[in-house]
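Asks: My structure is below; once you've seen it, I'll send some questions.
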Amino acid sequence: MLDSSVKRVQLKELRTRLCSAINKEHQSWKPLLIKPPNNSEAEIGPSQRDEMVQWLLELNVKFRFCPETFMLSVTLLDHFLTAVKARPKYLRCIAITCFFLAAKMKEEDEMVPATQDFVRDSQCGCTVSEVLRMERVVLDKLKWELNFVNCLDFLQIFHAMLLSQRPTLLEDLHHMTPSRHLSMLTGRLSQCMTNHQLAAHRGSTLALAMLSLELEVLAADWLPLTIVLQRMVQVDSQWLIHCRELITFTLFGHSASHRMPSTRPVSPPDSASHQGDTSQKATANTAKRKKCELGENVYGAVKRLVDKETCDVALPSCPVPNPPAPGKNTVSPPGSCGKEVRTDGDDSVPVHPPLTSIPVT
(Lines give C-alpha, C1' and ligand atoms only; values in the text may rest on other atoms or scores of the structure.)
Protein backbone atom coordinates (compact mmCIF):
# COMPACT_ATOMS: atom_id res chain seq x y z
CA MET A 1 0.00 0.00 0.00
CA LEU A 2 2.82 2.35 0.89
CA ASP A 3 4.66 1.64 -2.36
CA SER A 4 1.57 2.31 -4.46
CA SER A 5 0.91 5.60 -2.70
CA VAL A 6 4.52 6.66 -3.22
CA LYS A 7 4.27 5.80 -6.92
CA ARG A 8 1.10 7.87 -7.24
CA VAL A 9 2.84 10.84 -5.65
CA GLN A 10 5.86 10.43 -7.92
CA LEU A 11 3.68 10.15 -11.01
CA LYS A 12 1.76 13.25 -9.99
CA GLU A 13 5.01 15.17 -9.60
CA LEU A 14 6.23 13.96 -12.97
CA ARG A 15 2.95 14.98 -14.56
CA THR A 16 3.32 18.47 -13.10
CA ARG A 17 6.87 18.72 -14.42
CA LEU A 18 5.78 17.51 -17.85
CA CYS A 19 2.88 19.93 -18.14
CA SER A 20 5.13 22.81 -17.05
CA ALA A 21 7.80 21.82 -19.59
CA ILE A 22 5.24 21.55 -22.41
CA ASN A 23 3.80 24.97 -21.62
CA LYS A 24 7.27 26.53 -21.55
CA GLU A 25 8.13 24.86 -24.84
CA HIS A 26 5.02 26.21 -26.58
CA GLN A 27 5.84 29.71 -25.35
CA SER A 28 9.51 29.86 -26.29
CA TRP A 29 10.29 27.27 -28.97
CA LYS A 30 11.13 28.32 -32.51
CA PRO A 31 12.43 25.98 -35.21
CA LEU A 32 15.99 26.48 -36.37
CA LEU A 33 15.83 26.71 -40.15
CA ILE A 34 19.33 27.22 -41.58
CA LYS A 35 19.67 27.09 -45.34
CA PRO A 36 22.88 26.76 -47.35
CA PRO A 37 24.22 30.33 -47.60
CA ASN A 38 24.41 32.26 -50.85
CA ASN A 39 27.40 34.14 -49.46
CA SER A 40 29.64 32.03 -47.24
CA GLU A 41 31.27 35.13 -45.74
CA ALA A 42 28.02 36.84 -44.78
CA GLU A 43 25.76 33.97 -43.67
CA ILE A 44 26.16 31.02 -41.32
CA GLY A 45 25.49 27.69 -43.01
CA PRO A 46 24.20 24.39 -41.61
CA SER A 47 27.61 22.70 -41.66
CA GLN A 48 29.16 25.58 -39.72
CA ARG A 49 26.50 25.38 -37.04
CA ASP A 50 26.92 21.60 -36.73
CA GLU A 51 30.70 21.98 -36.50
CA MET A 52 30.33 24.42 -33.61
CA VAL A 53 27.95 22.09 -31.75
CA GLN A 54 30.43 19.22 -32.15
CA TRP A 55 33.13 21.49 -30.74
CA LEU A 56 30.92 22.38 -27.77
CA LEU A 57 30.35 18.68 -27.13
CA GLU A 58 34.11 18.14 -26.98
CA LEU A 59 34.54 21.14 -24.68
CA ASN A 60 31.82 19.81 -22.38
CA VAL A 61 33.85 16.62 -21.94
CA LYS A 62 37.08 18.57 -21.49
CA PHE A 63 35.66 20.76 -18.71
CA ARG A 64 33.80 17.78 -17.18
CA PHE A 65 30.52 19.64 -17.23
CA CYS A 66 27.18 17.88 -16.93
CA PRO A 67 25.07 17.02 -20.02
CA GLU A 68 22.55 19.68 -19.00
CA THR A 69 25.21 22.34 -19.63
CA PHE A 70 25.87 21.14 -23.16
CA MET A 71 22.16 20.86 -23.99
CA LEU A 72 21.45 24.35 -22.71
CA SER A 73 24.41 25.81 -24.60
CA VAL A 74 23.13 24.35 -27.88
CA THR A 75 19.64 25.65 -27.10
CA LEU A 76 21.00 29.13 -26.45
CA LEU A 77 23.07 29.00 -29.65
CA ASP A 78 20.08 27.95 -31.76
CA HIS A 79 17.82 30.58 -30.21
CA PHE A 80 20.42 33.25 -30.91
CA LEU A 81 20.94 32.15 -34.51
CA THR A 82 17.17 32.20 -34.97
CA ALA A 83 16.93 35.76 -33.64
CA VAL A 84 20.06 37.25 -35.23
CA LYS A 85 21.68 36.96 -38.65
CA ALA A 86 25.30 36.76 -37.57
CA ARG A 87 28.40 36.57 -39.71
CA PRO A 88 30.43 33.34 -39.71
CA LYS A 89 33.51 35.10 -38.32
CA TYR A 90 31.60 35.71 -35.06
CA LEU A 91 30.20 32.17 -34.77
CA ARG A 92 33.00 30.78 -32.62
CA CYS A 93 32.72 33.67 -30.17
CA ILE A 94 28.92 33.25 -30.05
CA ALA A 95 29.24 29.51 -29.40
CA ILE A 96 31.80 29.82 -26.58
CA THR A 97 29.74 32.60 -25.00
CA CYS A 98 26.58 30.47 -25.03
CA PHE A 99 28.60 27.63 -23.52
CA PHE A 100 29.92 29.90 -20.75
CA LEU A 101 26.43 31.21 -19.97
CA ALA A 102 25.07 27.65 -19.83
CA ALA A 103 27.84 26.64 -17.42
CA LYS A 104 26.94 29.53 -15.13
CA MET A 105 23.32 28.40 -15.19
CA LYS A 106 23.79 24.64 -14.69
CA GLU A 107 27.12 24.02 -12.95
CA GLU A 108 28.10 24.52 -9.33
CA ASP A 109 30.02 27.73 -8.70
CA GLU A 110 33.24 25.90 -7.90
CA MET A 111 33.05 24.06 -11.25
CA VAL A 112 32.89 27.25 -13.36
CA PRO A 113 36.35 28.71 -13.99
CA ALA A 114 37.05 32.42 -14.08
CA THR A 115 36.46 34.11 -17.42
CA GLN A 116 40.17 34.49 -18.14
CA ASP A 117 40.87 30.82 -17.35
CA PHE A 118 37.82 29.68 -19.31
CA VAL A 119 38.87 31.60 -22.44
CA ARG A 120 42.44 30.30 -22.18
CA ASP A 121 41.56 26.67 -21.53
CA SER A 122 38.88 26.52 -24.25
CA GLN A 123 41.39 27.73 -26.89
CA CYS A 124 38.54 29.53 -28.61
CA GLY A 125 40.78 32.19 -30.13
CA CYS A 126 38.81 35.02 -28.54
CA THR A 127 39.90 37.57 -25.99
CA VAL A 128 38.26 38.03 -22.60
CA SER A 129 36.85 41.39 -23.63
CA GLU A 130 35.33 39.88 -26.79
CA VAL A 131 33.59 37.15 -24.79
CA LEU A 132 32.27 39.66 -22.26
CA ARG A 133 30.93 41.92 -25.03
CA MET A 134 29.33 38.97 -26.80
CA GLU A 135 27.82 37.84 -23.50
CA ARG A 136 25.97 41.14 -23.23
CA VAL A 137 24.79 40.86 -26.86
CA VAL A 138 23.45 37.31 -26.33
CA LEU A 139 21.65 38.30 -23.13
CA ASP A 140 20.14 41.32 -24.84
CA LYS A 141 18.91 39.38 -27.91
CA LEU A 142 17.47 36.59 -25.74
CA LYS A 143 15.88 39.18 -23.42
CA TRP A 144 17.80 37.75 -20.47
CA GLU A 145 15.84 34.51 -20.68
CA LEU A 146 18.29 31.61 -20.42
CA ASN A 147 16.40 28.85 -18.65
CA PHE A 148 14.91 27.31 -21.78
CA VAL A 149 13.39 23.85 -21.71
CA ASN A 150 15.14 21.39 -24.02
CA CYS A 151 14.97 17.80 -25.23
CA LEU A 152 16.98 16.44 -22.28
CA ASP A 153 14.36 17.74 -19.84
CA PHE A 154 11.67 15.79 -21.68
CA LEU A 155 13.82 12.66 -21.97
CA GLN A 156 14.38 12.61 -18.21
CA ILE A 157 10.67 12.99 -17.50
CA PHE A 158 9.58 10.36 -20.04
CA HIS A 159 12.21 7.93 -18.78
CA ALA A 160 11.14 8.36 -15.15
CA MET A 161 7.47 7.93 -16.05
CA LEU A 162 8.05 4.70 -17.96
CA LEU A 163 10.23 3.10 -15.33
CA SER A 164 7.85 4.08 -12.54
CA GLN A 165 5.09 2.18 -14.34
CA ARG A 166 7.26 -0.55 -15.87
CA PRO A 167 10.09 -1.28 -13.37
CA THR A 168 10.94 -4.51 -15.21
CA LEU A 169 11.59 -2.76 -18.52
CA LEU A 170 15.38 -3.14 -18.27
CA GLU A 171 15.44 -6.72 -17.03
CA ASP A 172 16.68 -8.11 -20.36
CA LEU A 173 19.64 -5.69 -20.28
CA HIS A 174 21.99 -7.36 -17.83
CA HIS A 175 23.61 -5.10 -15.20
CA MET A 176 21.78 -2.09 -16.64
CA THR A 177 20.55 0.33 -13.99
CA PRO A 178 18.01 3.09 -14.73
CA SER A 179 20.64 5.79 -14.23
CA ARG A 180 23.10 4.05 -16.56
CA HIS A 181 20.38 3.56 -19.16
CA LEU A 182 19.42 7.23 -19.00
CA SER A 183 23.08 8.19 -19.30
CA MET A 184 23.36 6.06 -22.45
CA LEU A 185 20.30 7.69 -24.00
CA THR A 186 21.62 11.12 -23.02
CA GLY A 187 24.85 10.41 -24.88
CA ARG A 188 22.92 9.51 -28.02
CA LEU A 189 20.76 12.60 -27.65
CA SER A 190 23.87 14.78 -27.31
CA GLN A 191 25.22 13.38 -30.56
CA CYS A 192 21.89 14.10 -32.27
CA MET A 193 22.27 17.78 -31.44
CA THR A 194 25.09 17.97 -34.00
CA ASN A 195 22.50 17.61 -36.79
CA HIS A 196 20.84 20.93 -37.60
CA GLN A 197 17.86 19.12 -39.16
CA LEU A 198 16.86 17.79 -35.74
CA ALA A 199 16.87 21.35 -34.40
CA ALA A 200 13.77 21.91 -36.54
CA HIS A 201 11.86 19.55 -34.22
CA ARG A 202 10.53 20.37 -30.78
CA GLY A 203 12.49 19.07 -27.84
CA SER A 204 9.53 16.95 -26.76
CA THR A 205 9.36 15.36 -30.22
CA LEU A 206 13.08 14.62 -30.28
CA ALA A 207 13.02 13.06 -26.81
CA LEU A 208 9.96 10.96 -27.60
CA ALA A 209 11.46 9.75 -30.88
CA MET A 210 14.69 8.75 -29.13
CA LEU A 211 12.83 6.86 -26.41
CA SER A 212 10.49 5.26 -28.94
CA LEU A 213 13.46 3.79 -30.83
CA GLU A 214 14.79 2.33 -27.58
CA LEU A 215 11.38 0.95 -26.60
CA GLU A 216 11.13 -0.81 -29.96
CA VAL A 217 14.08 -2.93 -28.88
CA LEU A 218 13.14 -3.37 -25.21
CA ALA A 219 9.38 -3.97 -25.28
CA ALA A 220 7.06 -5.94 -27.55
CA ASP A 221 4.31 -3.37 -26.91
CA TRP A 222 6.54 -0.43 -27.86
CA LEU A 223 3.92 1.02 -30.20
CA PRO A 224 1.12 1.37 -27.61
CA LEU A 225 3.61 2.85 -25.17
CA THR A 226 4.70 5.37 -27.79
CA ILE A 227 1.07 6.24 -28.54
CA VAL A 228 0.40 6.92 -24.86
CA LEU A 229 3.31 9.36 -24.69
CA GLN A 230 2.24 10.83 -28.02
CA ARG A 231 -1.18 11.59 -26.55
CA MET A 232 0.37 13.33 -23.57
CA VAL A 233 2.45 15.79 -25.58
CA GLN A 234 0.26 15.89 -28.71
CA VAL A 235 3.13 15.22 -31.11
CA ASP A 236 2.05 15.04 -34.73
CA SER A 237 2.71 11.58 -36.18
CA GLN A 238 4.50 12.87 -39.27
CA TRP A 239 6.92 14.89 -37.16
CA LEU A 240 7.53 11.92 -34.84
CA ILE A 241 8.21 9.49 -37.70
CA HIS A 242 10.44 11.94 -39.51
CA CYS A 243 12.38 12.58 -36.31
CA ARG A 244 12.91 8.85 -35.73
CA GLU A 245 14.40 8.48 -39.19
CA LEU A 246 16.66 11.51 -38.75
CA ILE A 247 17.95 10.14 -35.44
CA THR A 248 18.82 6.84 -37.10
CA PHE A 249 20.54 8.66 -39.94
CA THR A 250 22.50 10.88 -37.53
CA LEU A 251 23.68 8.08 -35.25
CA PHE A 252 24.27 5.31 -37.77
CA GLY A 253 24.57 7.04 -41.15
CA HIS A 254 21.75 5.29 -42.99
CA SER A 255 18.02 5.71 -43.33
CA ALA A 256 15.70 4.19 -45.91
CA SER A 257 13.44 7.23 -45.92
CA HIS A 258 16.14 9.46 -47.36
CA ARG A 259 16.28 7.41 -50.56
CA MET A 260 13.38 8.93 -52.42
CA PRO A 261 11.95 7.00 -55.38
CA SER A 262 12.81 8.24 -58.83
CA THR A 263 10.07 9.81 -60.96
CA ARG A 264 11.92 9.45 -64.26
CA PRO A 265 10.40 7.07 -66.83
CA VAL A 266 12.31 3.85 -67.29
CA SER A 267 13.11 2.92 -70.88
CA PRO A 268 12.64 -0.76 -71.83
CA PRO A 269 15.92 -2.71 -72.06
CA ASP A 270 17.08 -4.21 -75.29
CA SER A 271 16.66 -7.92 -75.87
CA ALA A 272 20.32 -8.81 -75.31
CA SER A 273 20.58 -7.14 -71.95
CA HIS A 274 17.16 -8.48 -70.99
CA GLN A 275 18.26 -12.06 -71.63
CA GLY A 276 21.53 -11.48 -69.80
CA ASP A 277 19.76 -10.16 -66.67
CA THR A 278 17.03 -12.83 -66.47
CA SER A 279 18.63 -14.82 -63.69
CA GLN A 280 19.44 -11.71 -61.65
CA LYS A 281 15.88 -10.42 -61.95
CA ALA A 282 14.44 -13.77 -60.94
CA THR A 283 16.59 -13.79 -57.80
CA ALA A 284 15.64 -10.19 -56.99
CA ASN A 285 11.93 -10.91 -57.49
CA THR A 286 12.10 -13.89 -55.15
CA ALA A 287 13.78 -11.84 -52.42
CA LYS A 288 11.31 -9.02 -52.96
CA ARG A 289 8.33 -11.38 -52.69
CA LYS A 290 9.63 -12.84 -49.39
CA LYS A 291 10.20 -9.34 -48.04
CA CYS A 292 6.67 -8.29 -48.97
CA GLU A 293 5.18 -11.34 -47.27
CA LEU A 294 7.14 -10.61 -44.10
CA GLY A 295 6.14 -6.95 -44.28
CA GLU A 296 2.45 -7.82 -44.58
CA ASN A 297 2.67 -9.89 -41.39
CA VAL A 298 4.27 -6.99 -39.52
CA TYR A 299 1.74 -4.52 -40.91
CA GLY A 300 -1.12 -6.70 -39.71
CA ALA A 301 0.33 -7.03 -36.23
CA VAL A 302 0.90 -3.30 -35.85
CA LYS A 303 -2.56 -2.52 -37.22
CA ARG A 304 -4.14 -4.77 -34.59
CA LEU A 305 -2.17 -2.99 -31.89
CA VAL A 306 -3.35 0.41 -33.08
CA ASP A 307 -6.98 -0.69 -33.55
CA LYS A 308 -7.23 -2.28 -30.11
CA GLU A 309 -5.10 0.43 -28.47
CA THR A 310 -3.79 -2.15 -26.04
CA CYS A 311 -1.59 -0.55 -23.44
CA ASP A 312 -1.10 -1.69 -19.88
CA VAL A 313 0.09 1.65 -18.53
CA ALA A 314 -2.18 4.50 -17.58
CA LEU A 315 -0.04 7.62 -17.79
CA PRO A 316 -1.86 10.94 -17.37
CA SER A 317 -2.39 13.38 -20.21
CA CYS A 318 -1.57 17.06 -20.34
CA PRO A 319 -4.01 19.44 -22.07
CA VAL A 320 -1.80 21.47 -24.39
CA PRO A 321 -2.48 23.31 -27.66
CA ASN A 322 -2.04 21.31 -30.84
CA PRO A 323 1.30 21.89 -32.61
CA PRO A 324 1.26 23.06 -36.21
CA ALA A 325 1.16 20.30 -38.80
CA PRO A 326 4.26 19.83 -40.93
CA GLY A 327 4.44 21.69 -44.22
CA LYS A 328 3.72 20.09 -47.53
CA ASN A 329 7.40 19.70 -48.27
CA THR A 330 8.05 17.73 -45.08
CA VAL A 331 9.32 14.22 -45.69
CA SER A 332 7.02 11.57 -44.24
CA PRO A 333 9.14 8.42 -43.92
CA PRO A 334 8.10 4.97 -42.73
CA GLY A 335 7.63 4.48 -39.04
CA SER A 336 10.13 1.97 -37.72
CA CYS A 337 13.89 2.03 -37.56
CA GLY A 338 14.75 0.93 -34.02
CA LYS A 339 15.25 -2.70 -34.93
CA GLU A 340 16.99 -1.67 -38.13
CA VAL A 341 19.56 0.05 -35.95
CA ARG A 342 20.25 -3.18 -34.08
CA THR A 343 20.54 -5.18 -37.35
CA ASP A 344 22.56 -2.76 -39.43
CA GLY A 345 22.86 -3.86 -43.04
CA ASP A 346 20.08 -6.46 -42.92
CA ASP A 347 17.74 -5.61 -45.80
CA SER A 348 15.25 -8.25 -44.74
CA VAL A 349 14.06 -6.21 -41.75
CA PRO A 350 10.73 -4.64 -42.64
CA VAL A 351 9.48 -1.22 -41.64
CA HIS A 352 6.21 -0.55 -39.89
CA PRO A 353 3.44 1.66 -41.29
CA PRO A 354 3.12 5.23 -40.01
CA LEU A 355 1.64 5.83 -36.57
CA THR A 356 -1.87 7.20 -36.55
CA SER A 357 -2.67 10.58 -35.07
CA ILE A 358 -4.31 10.24 -31.68
CA PRO A 359 -6.73 12.95 -30.49
CA VAL A 360 -6.78 14.04 -26.87
CA THR A 361 -9.44 12.16 -24.91
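Simple scheme: letters A, B, ... for chains in C-alpha coordinates order, numbers from 1 for residues in each chain, numbers from 1 for ligands in the order shown.
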List the neighbours of Met134 (chain A) out to 9 Å using only C-alpha atoms; skip same-chain residues closer than 3 positions along the sequence, and give me the result as a list in words.
Replies: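 That gives Cys93, Ile94, Thr97, Ser129, Glu130, Val131, Val137, Val138 and Leu139 of chain A.
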Asks: Show which residues sit within 12 Å of region 37-54 of chain A, as a ChimeraX atom specification. Count only C-alpha atoms, and ignore same-chain residues fewer than 4 positions away.
Replies: /A:32-33,58-61,70-78,80-82,84-99,124,190-200,250
Asks: Just the alpha helix (DSSP H) stuff from region 83-156 of chain A, please, per backbone DSSP, written as a PyMOL selection string.
Replies: chain A and resi 83+91-106+115-122+128-141+151-156
Asks: Could you name the residues that touch Ile157 (chain A) at 9 Å or less, counting only C-alpha atoms, but leaving out those on the same chain fewer than 2 positions away, as a ChimeraX atom specification?
Replies: /A:14-15,17-18,152-155,159-162
Asks: Find the spatial neighbours of Ala209 (chain A), counting only C-alpha atoms, within a cut-off of 9 Å - ignore same-chain residues fewer than 3 positions away - and output them as a list of chain:residue names.
Replies: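 Neighbouring residues, sequence-local ones excluded: A:Ser204, A:Thr205, A:Leu206, A:Ser212, A:Leu213, A:Glu214, A:Thr226, A:Leu240, A:Ile241, A:His242, A:Cys243, A:Arg244, A:Glu245, A:Ile247.
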Asks: Please list as a count of residues only every residue within 8 Å of region 106-117 of chain A, counting only C-alpha atoms and excluding residues in the same chain fewer than 4 positions away.
Replies: 7
Asks: Can you work out which one of A:Leu208, A:Leu101, A:Val9, A:Val228 has the shortest atom-to-atom distance to Trp144 (chain A), counting only C-alpha atoms?
Replies: A:Leu101
Asks: State, in Å with one decimal place, the distance from CA of Asp236 (chain A) to CA of Lys7 (chain A).
Replies: 29.4 Å
Asks: By how many Å are CA of Glu135 (chain A) and CA of His26 (chain A) apart?
Replies: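 CA of Glu135 (chain A) sits 25.8 Å away from CA of His26 (chain A).
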